[in-house]
Amino acid sequence: MAKRRDYYRDPNAPRANSLVPGGSALVTDNRGAILMQRRSDSGNWSFPGGVMDIGETLEQCVIRETKEETGLDIEITGLLGIYTDPEHIIEYADGEIRQQFNITFYGRVCGGRIEVSSESTEVRFIQPAELEELPVHDTVRLRLSHHAEARAQPYLG
């Protein structure tokens, strides 16, 4: 089994046994390409992000995780949406089965340089059309579609 398996609207998904607040960053460059990392635990392309540490805000968490996972410094510029669908279950090899709890922020690069971390096998800016052909989980595709819609209000769901 991979270190992580995502289930989405799958009646055979295991029952969640944890809920952990986390966040991610949707960062674009001046050409509209999106900062993505290929996760070493699942092989899927995803936004940088992770779970909160005690003593930090969720925005600080997303800034820290983006730096750790991509080498880039960002600032938060907005909110794409709140993603807490109980039908998105993440099963980890250690037995944790987590219900998704992710708030996705918009961010802008303000320093650093792209580097691969232990959590990724590749990090780069990718044009949205190219992402259609790459392995991306359905829940990340949902966020990408919300971004493409240029919503006036954040997604709540």
# chains A, B, ... in the order shown; residues from 1 in each chain; ligands from 1

call {"tool": "residues_around", "arguments": {"residues": "Glu122 (chain A)", "least_positions_apart": "2", "cutoff": "10 Å", "atoms": "only C-alpha atoms", "output": "list in words"}}
result
Met36, Gln37, Arg38, Arg39, Ser40, Gly43, Trp45, Glu69, Thr70, Ile114, Glu115, Val116, Ser117, Glu119, Ser120 and Arg124 of chain A

call {"tool": "write_last_selection", "arguments": {"atoms": "all heavy atoms", "output": "short mmCIF file (atom, residue, chain, number, x, y, z; two decimals), in the first residue's frame"}}
result
data_model
loop_
_atom_site.label_atom_id
_atom_site.label_comp_id
_atom_site.auth_asym_id
_atom_site.auth_seq_id
_atom_site.Cartn_x
_atom_site.Cartn_y
_atom_site.Cartn_z
N MET A 36 2.78 23.49 -8.26
CA MET A 36 2.34 22.15 -7.89
C MET A 36 3.54 21.33 -7.45
O MET A 36 4.66 21.56 -7.90
CB MET A 36 1.66 21.46 -9.07
CG MET A 36 0.46 22.18 -9.66
SD MET A 36 -1.01 22.16 -8.63
CE MET A 36 -1.56 20.47 -8.80
N GLN A 37 3.27 20.36 -6.59
CA GLN A 37 4.30 19.40 -6.21
C GLN A 37 3.76 18.00 -6.46
O GLN A 37 2.57 17.74 -6.28
CB GLN A 37 4.69 19.56 -4.75
CG GLN A 37 3.58 19.22 -3.77
CD GLN A 37 4.06 19.16 -2.34
OE1 GLN A 37 5.23 18.92 -2.09
NE2 GLN A 37 3.16 19.35 -1.40
N ARG A 38 4.64 17.12 -6.89
CA ARG A 38 4.25 15.72 -7.04
C ARG A 38 4.56 15.03 -5.72
O ARG A 38 5.72 14.92 -5.31
CB ARG A 38 4.98 15.04 -8.19
CG ARG A 38 4.42 13.66 -8.43
CD ARG A 38 4.58 13.20 -9.83
NE ARG A 38 3.72 12.06 -10.08
CZ ARG A 38 3.78 11.31 -11.15
NH1 ARG A 38 4.64 11.60 -12.10
NH2 ARG A 38 2.97 10.29 -11.29
N ARG A 39 3.52 14.59 -5.04
CA ARG A 39 3.64 14.04 -3.70
C ARG A 39 4.38 12.70 -3.73
O ARG A 39 4.06 11.84 -4.53
CB ARG A 39 2.27 13.85 -3.08
CG ARG A 39 1.47 15.14 -2.93
CD ARG A 39 0.13 14.86 -2.27
NE ARG A 39 0.35 14.27 -0.97
CZ ARG A 39 0.39 14.96 0.18
NH1 ARG A 39 0.21 16.25 0.17
NH2 ARG A 39 0.60 14.34 1.32
N SER A 40 5.33 12.54 -2.82
CA SER A 40 6.06 11.28 -2.75
C SER A 40 5.22 10.18 -2.11
O SER A 40 5.48 9.00 -2.33
CB SER A 40 7.39 11.46 -2.00
OG SER A 40 7.16 11.95 -0.70
N GLY A 43 2.06 9.99 -5.33
CA GLY A 43 2.37 10.14 -6.73
C GLY A 43 1.52 11.17 -7.45
O GLY A 43 1.73 11.46 -8.62
N TRP A 45 -0.10 14.98 -8.21
CA TRP A 45 0.27 16.39 -8.17
C TRP A 45 -0.73 17.11 -7.28
O TRP A 45 -1.93 16.84 -7.33
CB TRP A 45 0.25 16.99 -9.57
CG TRP A 45 1.40 16.54 -10.40
CD1 TRP A 45 1.46 15.45 -11.23
CD2 TRP A 45 2.69 17.16 -10.48
NE1 TRP A 45 2.70 15.36 -11.81
CE2 TRP A 45 3.47 16.40 -11.37
CE3 TRP A 45 3.26 18.30 -9.89
CZ2 TRP A 45 4.79 16.73 -11.69
CZ3 TRP A 45 4.56 18.62 -10.20
CH2 TRP A 45 5.32 17.85 -11.09
N GLU A 69 8.03 22.61 1.53
CA GLU A 69 7.77 21.67 0.43
C GLU A 69 8.26 22.15 -0.93
O GLU A 69 8.48 21.33 -1.82
CB GLU A 69 6.28 21.36 0.36
CG GLU A 69 5.80 20.60 1.58
CD GLU A 69 4.31 20.34 1.62
OE1 GLU A 69 3.59 20.80 0.71
OE2 GLU A 69 3.86 19.67 2.55
N THR A 70 8.41 23.47 -1.11
CA THR A 70 8.77 23.99 -2.44
C THR A 70 10.01 24.87 -2.44
O THR A 70 10.52 25.17 -3.52
CB THR A 70 7.62 24.82 -3.04
OG1 THR A 70 7.50 26.06 -2.32
CG2 THR A 70 6.31 24.05 -3.01
N ILE A 114 12.77 27.41 -6.10
CA ILE A 114 12.14 26.08 -6.10
C ILE A 114 13.16 25.00 -5.73
O ILE A 114 14.25 24.95 -6.28
CB ILE A 114 11.50 25.77 -7.47
CG1 ILE A 114 10.26 26.64 -7.64
CG2 ILE A 114 11.15 24.30 -7.58
CD1 ILE A 114 9.49 26.39 -8.93
N GLU A 115 12.75 24.17 -4.76
CA GLU A 115 13.53 23.02 -4.32
C GLU A 115 12.57 21.88 -4.03
O GLU A 115 11.46 22.10 -3.55
CB GLU A 115 14.30 23.35 -3.03
CG GLU A 115 15.33 24.45 -3.17
CD GLU A 115 15.99 24.79 -1.84
OE1 GLU A 115 15.55 24.29 -0.79
OE2 GLU A 115 16.95 25.56 -1.87
N VAL A 116 13.01 20.67 -4.29
CA VAL A 116 12.22 19.48 -3.97
C VAL A 116 12.50 19.11 -2.51
O VAL A 116 13.63 19.22 -2.04
CB VAL A 116 12.60 18.33 -4.92
CG1 VAL A 116 11.91 17.04 -4.52
CG2 VAL A 116 12.23 18.70 -6.35
N SER A 117 11.46 18.67 -1.80
CA SER A 117 11.62 18.24 -0.40
C SER A 117 11.45 16.73 -0.31
O SER A 117 11.17 16.06 -1.30
CB SER A 117 10.57 18.93 0.47
OG SER A 117 9.30 18.33 0.28
N GLU A 119 8.98 15.38 0.85
CA GLU A 119 7.56 15.10 0.64
C GLU A 119 7.16 15.12 -0.82
O GLU A 119 6.00 14.89 -1.14
CB GLU A 119 6.72 16.10 1.43
CG GLU A 119 6.94 16.00 2.93
CD GLU A 119 6.09 17.00 3.69
OE1 GLU A 119 4.88 17.12 3.39
OE2 GLU A 119 6.64 17.66 4.58
N SER A 120 8.12 15.45 -1.71
CA SER A 120 7.77 15.55 -3.12
C SER A 120 8.89 14.99 -3.98
O SER A 120 10.03 14.89 -3.56
CB SER A 120 7.51 17.01 -3.49
OG SER A 120 8.65 17.80 -3.24
N ARG A 124 7.09 22.32 -9.54
CA ARG A 124 7.19 23.28 -10.65
C ARG A 124 5.86 23.99 -10.87
O ARG A 124 4.83 23.55 -10.36
CB ARG A 124 7.66 22.61 -11.93
CG ARG A 124 6.74 21.56 -12.51
CD ARG A 124 7.41 20.86 -13.71
NE ARG A 124 6.66 19.72 -14.17
CZ ARG A 124 5.84 19.72 -15.23
NH1 ARG A 124 5.66 20.82 -15.93
NH2 ARG A 124 5.20 18.63 -15.59
#

call {"tool": "residues_around", "arguments": {"residues": "Ile126 (chain A)", "least_positions_apart": "4", "cutoff": "8 Å", "atoms": "only C-alpha atoms", "output": "ChimeraX atom specification"}}
result
/A:33-36,130-131

call {"tool": "atom_distance", "arguments": {"atom1": "CA of Cys61 (chain A)", "atom2": "CA of Ala129 (chain A)"}}
result
28.9 Å

call {"tool": "residues_around", "arguments": {"residues": "Ile74 (chain A)", "least_positions_apart": "3", "cutoff": "6 Å", "atoms": "only C-alpha atoms", "output": "PyMOL selection string"}}
result
chain A and resi 63+107-110

call {"tool": "closest_residue", "arguments": {"among": "A:Ser18, A:Asn102, A:Ser118, A:Asn44", "to": "Arg4 (chain A)", "atoms": "only C-alpha atoms"}}
result
A:Asn44

call {"tool": "closest_residue", "arguments": {"among": "A:His147, A:Leu26, A:Leu142, A:Asp41", "to": "Glu91 (chain A)", "atoms": "only C-alpha atoms"}}
result
A:Asp41

call {"tool": "atom_distance", "arguments": {"atom1": "CA of Ile90 (chain A)", "atom2": "CA of Ser46 (chain A)"}}
result
14.1 Å

call {"tool": "select_by_dssp", "arguments": {"residues": "region 3-156 of chain A", "states": "strand (DSSP E or B)", "output": "PyMOL selection string"}}
result
chain A and resi 4-8+18-19+22-28+34-39+45-46+49-51+72-83+88-92+97-99+102-112+120-126+136+155-156

call {"tool": "select_by_dssp", "arguments": {"residues": "chain A", "states": "helix (DSSP H, G or I)", "output": "ChimeraX atom specification"}}
result
/A:58-70,128-131,138-148

call {"tool": "write_last_selection", "arguments": {"atoms": "C-alpha atoms", "output": "PDB file, in the first residue's frame"}}
result
ATOM      1  CA  LEU A  58      -3.523  28.490   9.555  1.00  0.00           C
ATOM      2  CA  GLU A  59      -2.031  31.212   7.342  1.00  0.00           C
ATOM      3  CA  GLN A  60       1.349  30.775   9.087  1.00  0.00           C
ATOM      4  CA  CYS A  61       0.999  27.009   8.580  1.00  0.00           C
ATOM      5  CA  VAL A  62       0.436  27.398   4.829  1.00  0.00           C
ATOM      6  CA  ILE A  63       3.369  29.807   4.480  1.00  0.00           C
ATOM      7  CA  ARG A  64       5.630  27.421   6.465  1.00  0.00           C
ATOM      8  CA  GLU A  65       4.503  24.304   4.608  1.00  0.00           C
ATOM      9  CA  THR A  66       4.925  25.986   1.216  1.00  0.00           C
ATOM     10  CA  LYS A  67       8.482  26.953   2.140  1.00  0.00           C
ATOM     11  CA  GLU A  68       9.267  23.447   3.440  1.00  0.00           C
ATOM     12  CA  GLU A  69       7.773  21.673   0.432  1.00  0.00           C
ATOM     13  CA  THR A  70       8.769  23.992  -2.436  1.00  0.00           C
ATOM     14  CA  PRO A 128      -3.748  24.427 -16.180  1.00  0.00           C
ATOM     15  CA  ALA A 129      -4.150  22.665 -19.559  1.00  0.00           C
ATOM     16  CA  GLU A 130      -1.133  20.438 -18.807  1.00  0.00           C
ATOM     17  CA  LEU A 131      -2.677  19.406 -15.466  1.00  0.00           C
ATOM     18  CA  ASP A 138     -10.440  14.634  -7.842  1.00  0.00           C
ATOM     19  CA  THR A 139     -10.540  16.892  -4.782  1.00  0.00           C
ATOM     20  CA  VAL A 140      -7.602  18.930  -6.111  1.00  0.00           C
ATOM     21  CA  ARG A 141      -9.294  19.048  -9.525  1.00  0.00           C
ATOM     22  CA  LEU A 142     -12.343  20.488  -7.753  1.00  0.00           C
ATOM     23  CA  ARG A 143     -10.179  23.300  -6.330  1.00  0.00           C
ATOM     24  CA  LEU A 144      -8.593  23.868  -9.739  1.00  0.00           C
ATOM     25  CA  SER A 145     -12.070  24.207 -11.260  1.00  0.00           C
ATOM     26  CA  HIS A 146     -13.053  26.730  -8.574  1.00  0.00           C
ATOM     27  CA  HIS A 147      -9.906  28.705  -9.393  1.00  0.00           C
ATOM     28  CA  ALA A 148     -10.720  28.599 -13.131  1.00  0.00           C
TER      29      ALA A 148
END

call {"tool": "residues_around", "arguments": {"residues": "Tyr155 (chain A)", "least_positions_apart": "4", "cutoff": "7 Å", "atoms": "only C-alpha atoms", "output": "list in words"}}
result
Leu80, Gly81 and Ile82 of chain A

call {"tool": "closest_residue", "arguments": {"among": "A:His88, A:Ile103, A:Phe125, A:Arg151", "to": "Arg31 (chain A)", "atoms": "only C-alpha atoms"}}
result
A:Phe125

call {"tool": "atom_distance", "arguments": {"atom1": "CA of Phe105 (chain A)", "atom2": "CA of Pro14 (chain A)"}}
result
28.4 Å

call {"tool": "closest_residue", "arguments": {"among": "A:Asn17, A:Ser42, A:Gln153, A:Thr77", "to": "Pro135 (chain A)", "atoms": "only C-alpha atoms"}}
result
A:Ser42

call {"tool": "closest_residue", "arguments": {"among": "A:Thr28, A:Leu19, A:Glu149, A:Ile97", "to": "Ile76 (chain A)", "atoms": "only C-alpha atoms"}}
result
A:Thr28

call {"tool": "residues_around", "arguments": {"residues": "Tyr92 (chain A)", "least_positions_apart": "5", "cutoff": "9 Å", "atoms": "only C-alpha atoms", "output": "count of residues only"}}
result
7
